[in-house]
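Below is the file structure-v7.csv, which contains CSV, C-alpha atoms.
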chain,number,residue,atom,x,y,z
F,280,MET,CA,36.5,-82.6,-60.2
F,281,SER,CA,34.3,-81.9,-57.1
F,282,LYS,CA,35.2,-83.3,-53.7
F,283,SER,CA,32.7,-84.7,-51.2
F,284,HIS,CA,33.1,-84.0,-47.5
F,285,HIS,CA,31.2,-86.0,-44.9
F,286,TYR,CA,30.3,-84.9,-41.4
F,287,GLU,CA,29.1,-87.1,-38.6
F,288,VAL,CA,27.8,-86.0,-35.3
F,289,SER,CA,25.7,-87.5,-32.6
F,290,VAL,CA,22.7,-85.9,-31.0
F,291,THR,CA,21.6,-87.5,-27.7
F,292,TRP,CA,18.4,-86.5,-25.9
F,293,THR,CA,19.2,-86.2,-22.1
F,294,GLY,CA,15.8,-84.7,-21.1
F,295,ASN,CA,13.9,-87.8,-19.9
F,296,THR,CA,12.7,-86.8,-16.4
F,297,GLY,CA,11.4,-90.3,-15.6
F,298,THR,CA,8.2,-90.6,-17.7
F,299,GLY,CA,9.7,-90.0,-21.2
F,300,THR,CA,7.4,-88.0,-23.5
F,301,SER,CA,4.2,-89.0,-21.7
F,302,SER,CA,3.0,-85.4,-22.2
F,303,TYR,CA,4.3,-82.1,-23.7
F,304,ARG,CA,5.3,-80.8,-20.3
F,305,ALA,CA,6.7,-84.1,-19.0
F,306,TYR,CA,10.1,-83.9,-20.6
F,307,GLU,CA,13.0,-81.5,-20.9
F,308,ARG,CA,14.3,-80.5,-24.3
F,309,ALA,CA,17.9,-81.0,-23.1
F,310,HIS,CA,20.3,-82.8,-25.5
F,311,GLU,CA,24.0,-83.0,-26.4
F,312,VAL,CA,25.6,-82.5,-29.7
F,313,ALA,CA,28.9,-84.3,-30.0
F,314,ALA,CA,31.5,-85.3,-32.6
F,315,GLU,CA,34.5,-87.6,-32.1
F,316,GLY,CA,37.3,-85.8,-30.3
F,317,LYS,CA,35.4,-82.6,-29.5
F,318,ALA,CA,33.7,-81.3,-26.4
F,319,PRO,CA,29.9,-81.7,-26.5
F,320,ILE,CA,27.6,-78.8,-27.0
F,321,ALA,CA,24.8,-78.5,-24.5
F,322,GLY,CA,21.6,-78.1,-26.5
F,323,SER,CA,17.9,-77.4,-25.9
F,324,ALA,CA,15.0,-75.9,-27.6
F,325,ASP,CA,14.4,-72.1,-27.8
F,326,PRO,CA,13.0,-70.9,-24.5
F,327,GLY,CA,9.8,-70.1,-26.4
F,328,PHE,CA,9.4,-73.8,-26.9
F,329,ARG,CA,10.0,-74.9,-23.3
F,330,GLY,CA,13.8,-74.9,-23.8
F,331,ASP,CA,16.6,-74.1,-21.3
F,332,PRO,CA,17.9,-70.6,-22.0
F,333,ALA,CA,21.3,-71.5,-20.7
F,334,ARG,CA,21.8,-74.1,-23.5
F,335,TRP,CA,22.3,-73.5,-27.3
F,336,ASN,CA,19.3,-74.0,-29.4
F,337,PRO,CA,19.3,-75.2,-33.1
F,338,GLU,CA,18.2,-71.7,-34.3
F,339,GLU,CA,21.2,-70.0,-32.6
F,340,LEU,CA,23.5,-72.7,-34.0
F,341,LEU,CA,22.2,-72.1,-37.5
F,342,VAL,CA,22.8,-68.4,-37.3
F,343,ALA,CA,26.3,-69.0,-35.8
F,344,SER,CA,27.1,-71.5,-38.7
F,345,VAL,CA,26.2,-68.9,-41.3
F,346,SER,CA,28.4,-66.3,-39.6
F,347,GLN,CA,31.3,-68.7,-39.0
F,348,CYS,CA,31.4,-69.8,-42.6
F,349,HIS,CA,31.3,-66.3,-43.9
F,350,MET,CA,34.1,-65.2,-41.6
F,351,LEU,CA,36.4,-68.1,-42.5
F,352,TRP,CA,35.9,-67.4,-46.2
F,353,PHE,CA,36.4,-63.6,-45.7
F,354,LEU,CA,39.6,-64.1,-43.7
F,355,HIS,CA,40.9,-66.6,-46.4
F,356,LEU,CA,40.2,-64.1,-49.2
F,357,CYS,CA,41.9,-61.3,-47.2
F,358,ALA,CA,45.0,-63.4,-46.7
F,359,THR,CA,45.1,-64.3,-50.3
F,360,GLU,CA,44.9,-60.6,-51.3
F,361,LYS,CA,47.5,-59.6,-48.7
F,362,ILE,CA,45.0,-57.6,-46.7
F,363,VAL,CA,45.9,-57.9,-43.0
F,364,VAL,CA,42.8,-58.3,-40.7
F,365,THR,CA,43.7,-57.6,-37.1
F,366,SER,CA,40.2,-58.0,-35.7
F,367,TYR,CA,36.9,-59.5,-36.8
F,368,THR,CA,33.7,-59.7,-34.8
F,369,ASP,CA,30.1,-60.4,-35.9
F,370,THR,CA,26.8,-59.9,-34.2
F,371,PRO,CA,24.5,-61.8,-36.7
F,372,HIS,CA,20.8,-61.7,-36.4
F,373,GLY,CA,18.3,-64.3,-37.6
F,374,THR,CA,14.6,-64.0,-38.0
F,375,MET,CA,12.4,-67.0,-37.8
F,376,THR,CA,8.6,-66.9,-38.3
F,377,GLU,CA,6.3,-69.5,-36.9
F,378,THR,CA,3.4,-70.8,-39.0
F,379,PRO,CA,-0.1,-71.4,-37.6
F,380,ASP,CA,0.4,-75.2,-37.6
F,381,GLY,CA,3.4,-74.7,-35.2
F,382,GLY,CA,6.1,-75.1,-37.8
F,383,GLY,CA,8.1,-72.2,-39.2
F,384,ARG,CA,11.0,-71.1,-41.2
F,385,PHE,CA,13.9,-68.6,-41.2
F,386,GLU,CA,13.1,-65.5,-43.1
F,387,GLU,CA,16.6,-64.2,-43.2
F,388,VAL,CA,20.0,-63.9,-41.5
F,389,VAL,CA,21.8,-60.6,-41.3
F,390,LEU,CA,25.5,-60.7,-40.8
F,391,ARG,CA,27.0,-57.5,-39.2
F,392,PRO,CA,30.8,-58.1,-39.3
F,393,ARG,CA,33.1,-55.4,-37.9
F,394,VAL,CA,36.6,-55.7,-39.4
F,395,THR,CA,39.8,-53.9,-38.4
F,396,LEU,CA,42.6,-53.8,-40.9
F,397,ALA,CA,46.3,-53.2,-40.3
F,398,ASP,CA,46.1,-50.7,-43.3
F,399,PRO,CA,42.9,-48.7,-43.3
F,400,ALA,CA,43.7,-47.6,-46.9
F,401,LYS,CA,42.6,-51.0,-48.0
F,402,THR,CA,39.0,-50.7,-46.7
F,403,ASP,CA,37.7,-50.1,-50.2
F,404,ARG,CA,38.3,-53.8,-51.1
F,405,VAL,CA,36.5,-55.1,-48.0
F,406,GLY,CA,32.9,-54.8,-49.4
F,407,GLU,CA,33.9,-56.8,-52.5
F,408,LEU,CA,35.6,-59.5,-50.4
F,409,HIS,CA,32.5,-59.8,-48.2
F,410,GLU,CA,30.4,-60.3,-51.4
F,411,ARG,CA,32.9,-62.9,-52.7
F,412,ALA,CA,32.9,-64.7,-49.3
F,413,HIS,CA,29.1,-64.8,-49.5
F,414,GLU,CA,29.3,-66.4,-53.0
F,415,LEU,CA,31.7,-69.1,-51.7
F,416,CYS,CA,30.2,-69.8,-48.3
F,417,PHE,CA,29.1,-73.4,-48.1
F,418,ILE,CA,26.4,-72.7,-45.5
F,419,ALA,CA,24.9,-69.6,-47.2
F,420,ASN,CA,24.7,-71.7,-50.4
F,421,SER,CA,22.8,-74.4,-48.6
F,422,VAL,CA,20.0,-72.4,-46.9
F,423,ASN,CA,16.7,-71.4,-48.6
F,424,PHE,CA,16.5,-67.9,-47.1
F,425,PRO,CA,18.4,-64.7,-47.8
F,426,VAL,CA,21.7,-63.9,-46.0
F,427,ARG,CA,22.4,-60.2,-46.0
F,428,HIS,CA,25.5,-58.3,-45.0
F,429,GLU,CA,26.0,-55.0,-43.1
F,430,PRO,CA,29.8,-54.9,-42.8
F,431,VAL,CA,31.7,-52.1,-41.1
F,432,SER,CA,35.5,-51.7,-41.7
F,433,GLU,CA,37.9,-49.7,-39.6

Let me see the structure of the file written as structure tokens.
Amino acid sequence: MSKSHHYEVSVTWTGNTGTGTSSYRAYERAHEVAAEGKAPIAGSADPGFRGDPARWNPEELLVASVSQCHMLWFLHLCATEKIVVTSYTDTPHGTMTETPDGGGRFEEVVLRPRVTLADPAKTDRVGELHERAHELCFIANSVNFPVRHEPVSE
């Protein structure tokens, strides 16, 4: 039997500089993403779309979500298989292409996890566990673009 999980957040635009959206340049793209009991995330548009580079943009958050989901599944699989991970970092990269009408879409996200194991002799299993984590990742299963992996194990 499948289970449903529900997620509720609020997104509040905070960029009204006094004249609302009276013109494309008249407003800031500033907003806050919040959920009950959590600190808000300061959001904006990508700087290429008049956003504030000091705030998170939706594209960065999407890439981060793919990376986080993969990491959490990978760590779970390692724990289940008694493979002790002592360090995990990822520097994922997402590529988005704009269309002539101003829209666009992500072409791909590449995850580049660096994993350190307590027992380096078990690095042969790491590639398989990354593949399995990809198969199980809720976020990767929900996007319509490829998610690739370039893992490094130490």

Go ahead and find all residues with at least one atom no further than 9 Å from (17.2, -77.5, -26.5) in the file's coordinates, using only C-alpha atoms; report them as a compact mmCIF listing (two decimals) with C-alpha atoms, in the frame of the given file.
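After the write, selection_35.txt holds the following:
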# COMPACT_ATOMS: atom_id res chain seq x y z
CA GLU F 307 13.00 -81.50 -20.90
CA ARG F 308 14.30 -80.50 -24.30
CA ALA F 309 17.90 -81.00 -23.10
CA HIS F 310 20.30 -82.80 -25.50
CA GLU F 311 24.00 -83.00 -26.40
CA ALA F 321 24.80 -78.50 -24.50
CA GLY F 322 21.60 -78.10 -26.50
CA SER F 323 17.90 -77.40 -25.90
CA ALA F 324 15.00 -75.90 -27.60
CA ASP F 325 14.40 -72.10 -27.80
CA PRO F 326 13.00 -70.90 -24.50
CA PHE F 328 9.40 -73.80 -26.90
CA ARG F 329 10.00 -74.90 -23.30
CA GLY F 330 13.80 -74.90 -23.80
CA ASP F 331 16.60 -74.10 -21.30
CA PRO F 332 17.90 -70.60 -22.00
CA ARG F 334 21.80 -74.10 -23.50
CA TRP F 335 22.30 -73.50 -27.30
CA ASN F 336 19.30 -74.00 -29.40
CA PRO F 337 19.30 -75.20 -33.10

In Å to one decimal, how far is atom CA of Val312 of chain F from atom CA of Thr291 of chain F?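 Atom-to-atom, atom CA of Thr291 of chain F and atom CA of Val312 of chain F are spaced 6.7 Å apart.
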
Taking into account all atoms listed in the file, which residue in the set F:Leu341, F:Thr378, F:Ala318, F:Glu407 is nearest to Cys357 of chain F?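 Distance minimum relative to Cys357 of chain F lands on F:Glu407.
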
What does the distance from atom CA of Phe353 of chain F to atom CA of Ala412 of chain F come to in Å, to one decimal? 5.1 Å

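Residue nearest Val342 of chain F within the list F:Leu415, F:Val422, F:Val388, F:Val288: F:Val388 [criterion: smallest interatomic distance, only C-alpha atoms].
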
Quick one: of F:Thr296, F:Ile362, F:Phe385, F:Thr374, who's nearest to Pro399 of chain F, counting all atoms listed in the file?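 Result for the nearest residue to Pro399 of chain F: F:Ile362.
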
I want to know what sits within 12 Å of Gly373 of chain F, based on only C-alpha atoms, with residues of the same chain fewer than 6 positions away left out; could you give that as a list in words? Pro337, Glu338, Glu339, Leu340, Leu341, Val342, Ala343, Ser344, Val345, Ser346, Arg384, Phe385, Glu386, Glu387, Val388, Val389, Leu390, Arg391, Phe424, Pro425, Val426, Arg427 and His428 of chain F

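Comparing the minimum interatomic distances between Thr370 of chain F and each of F:Pro392, F:Gly327, F:Gly294, F:Gly316, counting all atoms listed in the file, we find that F:Pro392 sits nearest.
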
Which of these residues is nearest to Pro371 of chain F, using all atoms listed in the file: F:Thr402, F:Pro430, F:Ile320, F:Ala313?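 Distance minimum relative to Pro371 of chain F lands on F:Pro430.
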
Take the point (32.3, -78.5, -58.3) in the file's coordinates, draw a sphere of radius 12 Å around it, and report as a PyMOL selection string every protein, DNA or RNA residue with an atom inside or on it, counting only C-alpha atoms. chain F and resi 280-283+415+417

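Here atom CA of Thr368 of chain F is placed at a distance of 27.4 Å from atom CA of His284 of chain F.
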
Write out as a ChimeraX atom specification each polymer residue whose atoms come within 8 Å of Tyr306 of chain F, counting all atoms listed in the file; drop sequence neighbours fewer than 3 positions from it. /F:294-296,298-303

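Closest to His349 of chain F among F:Pro379, F:His285, F:Arg411, F:Val363 is F:Arg411, based on only C-alpha atoms.
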
Find the residues around Leu408 of chain F up to 10 Å (all atoms listed in the file counted), leave out those fewer than 2 positions away in its own chain, and share them as a PDB file with C-alpha atoms, keeping the file's coordinate frame.
ATOM      1  CA  TRP F 352      35.900 -67.400 -46.200  1.00  0.00           C
ATOM      2  CA  PHE F 353      36.400 -63.600 -45.700  1.00  0.00           C
ATOM      3  CA  LEU F 354      39.600 -64.100 -43.700  1.00  0.00           C
ATOM      4  CA  HIS F 355      40.900 -66.600 -46.400  1.00  0.00           C
ATOM      5  CA  LEU F 356      40.200 -64.100 -49.200  1.00  0.00           C
ATOM      6  CA  CYS F 357      41.900 -61.300 -47.200  1.00  0.00           C
ATOM      7  CA  GLU F 360      44.900 -60.600 -51.300  1.00  0.00           C
ATOM      8  CA  ASP F 403      37.700 -50.100 -50.200  1.00  0.00           C
ATOM      9  CA  ARG F 404      38.300 -53.800 -51.100  1.00  0.00           C
ATOM     10  CA  VAL F 405      36.500 -55.100 -48.000  1.00  0.00           C
ATOM     11  CA  GLY F 406      32.900 -54.800 -49.400  1.00  0.00           C
ATOM     12  CA  GLU F 410      30.400 -60.300 -51.400  1.00  0.00           C
ATOM     13  CA  ARG F 411      32.900 -62.900 -52.700  1.00  0.00           C
ATOM     14  CA  ALA F 412      32.900 -64.700 -49.300  1.00  0.00           C
ATOM     15  CA  HIS F 413      29.100 -64.800 -49.500  1.00  0.00           C
ATOM     16  CA  GLU F 414      29.300 -66.400 -53.000  1.00  0.00           C
TER      17      GLU F 414
END

Reconstruct N, CA and C atoms of segment 382-410 of chain F from the incomplete input and present them as a compact mmCIF listing (two decimals), in the coordinates of the input.
# COMPACT_ATOMS: atom_id res chain seq x y z
N GLY F 382 4.83 -75.04 -37.11
CA GLY F 382 6.10 -75.10 -37.80
C GLY F 382 6.67 -73.70 -37.99
N GLY F 383 7.57 -73.56 -38.92
CA GLY F 383 8.10 -72.20 -39.20
C GLY F 383 9.30 -72.32 -40.11
N ARG F 384 9.87 -71.16 -40.36
CA ARG F 384 11.00 -71.10 -41.20
C ARG F 384 11.80 -69.82 -40.96
N PHE F 385 13.08 -69.85 -41.27
CA PHE F 385 13.90 -68.60 -41.20
C PHE F 385 13.50 -67.74 -42.37
N GLU F 386 13.35 -66.48 -42.10
CA GLU F 386 13.10 -65.50 -43.10
C GLU F 386 14.36 -64.90 -43.69
N GLU F 387 15.35 -64.70 -42.80
CA GLU F 387 16.60 -64.20 -43.20
C GLU F 387 17.63 -64.24 -42.07
N VAL F 388 18.88 -64.10 -42.43
CA VAL F 388 20.00 -63.90 -41.50
C VAL F 388 20.74 -62.68 -41.96
N VAL F 389 21.02 -61.78 -41.03
CA VAL F 389 21.80 -60.60 -41.30
C VAL F 389 23.12 -60.67 -40.60
N LEU F 390 24.20 -60.66 -41.36
CA LEU F 390 25.50 -60.70 -40.80
C LEU F 390 25.98 -59.20 -40.61
N ARG F 391 26.59 -58.90 -39.48
CA ARG F 391 27.00 -57.50 -39.20
C ARG F 391 28.52 -57.54 -38.76
N PRO F 392 29.39 -57.99 -39.66
CA PRO F 392 30.80 -58.10 -39.30
C PRO F 392 31.46 -56.70 -39.12
N ARG F 393 32.28 -56.59 -38.09
CA ARG F 393 33.10 -55.40 -37.90
C ARG F 393 34.57 -55.88 -38.05
N VAL F 394 35.23 -55.27 -39.01
CA VAL F 394 36.60 -55.70 -39.40
C VAL F 394 37.54 -54.55 -39.18
N THR F 395 38.68 -54.85 -38.55
CA THR F 395 39.80 -53.90 -38.40
C THR F 395 40.93 -54.36 -39.25
N LEU F 396 41.44 -53.46 -40.06
CA LEU F 396 42.60 -53.80 -40.90
C LEU F 396 43.84 -53.11 -40.44
N ALA F 397 44.96 -53.75 -40.69
CA ALA F 397 46.30 -53.20 -40.30
C ALA F 397 46.49 -51.90 -41.17
N ASP F 398 46.01 -51.89 -42.42
CA ASP F 398 46.10 -50.70 -43.30
C ASP F 398 44.76 -50.25 -43.71
N PRO F 399 44.25 -49.22 -43.02
CA PRO F 399 42.90 -48.70 -43.30
C PRO F 399 42.72 -48.25 -44.77
N ALA F 400 43.79 -48.01 -45.47
CA ALA F 400 43.70 -47.60 -46.90
C ALA F 400 43.09 -48.69 -47.75
N LYS F 401 43.10 -49.92 -47.25
CA LYS F 401 42.60 -51.00 -48.00
C LYS F 401 41.10 -51.35 -47.78
N THR F 402 40.43 -50.47 -47.03
CA THR F 402 39.00 -50.70 -46.70
C THR F 402 38.12 -50.73 -47.94
N ASP F 403 38.58 -50.12 -49.04
CA ASP F 403 37.70 -50.10 -50.20
C ASP F 403 37.51 -51.49 -50.81
N ARG F 404 38.39 -52.44 -50.56
CA ARG F 404 38.30 -53.80 -51.10
C ARG F 404 37.37 -54.69 -50.18
N VAL F 405 37.15 -54.27 -48.95
CA VAL F 405 36.50 -55.10 -48.00
C VAL F 405 35.05 -55.48 -48.43
N GLY F 406 34.30 -54.54 -48.96
CA GLY F 406 32.90 -54.80 -49.40
C GLY F 406 32.92 -55.90 -50.49
N GLU F 407 33.85 -55.79 -51.44
CA GLU F 407 33.90 -56.80 -52.50
C GLU F 407 34.29 -58.17 -51.95
N LEU F 408 35.17 -58.19 -50.97
CA LEU F 408 35.60 -59.50 -50.40
C LEU F 408 34.46 -60.10 -49.57
N HIS F 409 33.63 -59.27 -48.93
CA HIS F 409 32.50 -59.80 -48.20
C HIS F 409 31.50 -60.43 -49.26
N GLU F 410 31.31 -59.77 -50.39
CA GLU F 410 30.40 -60.30 -51.40
C GLU F 410 30.97 -61.65 -51.95
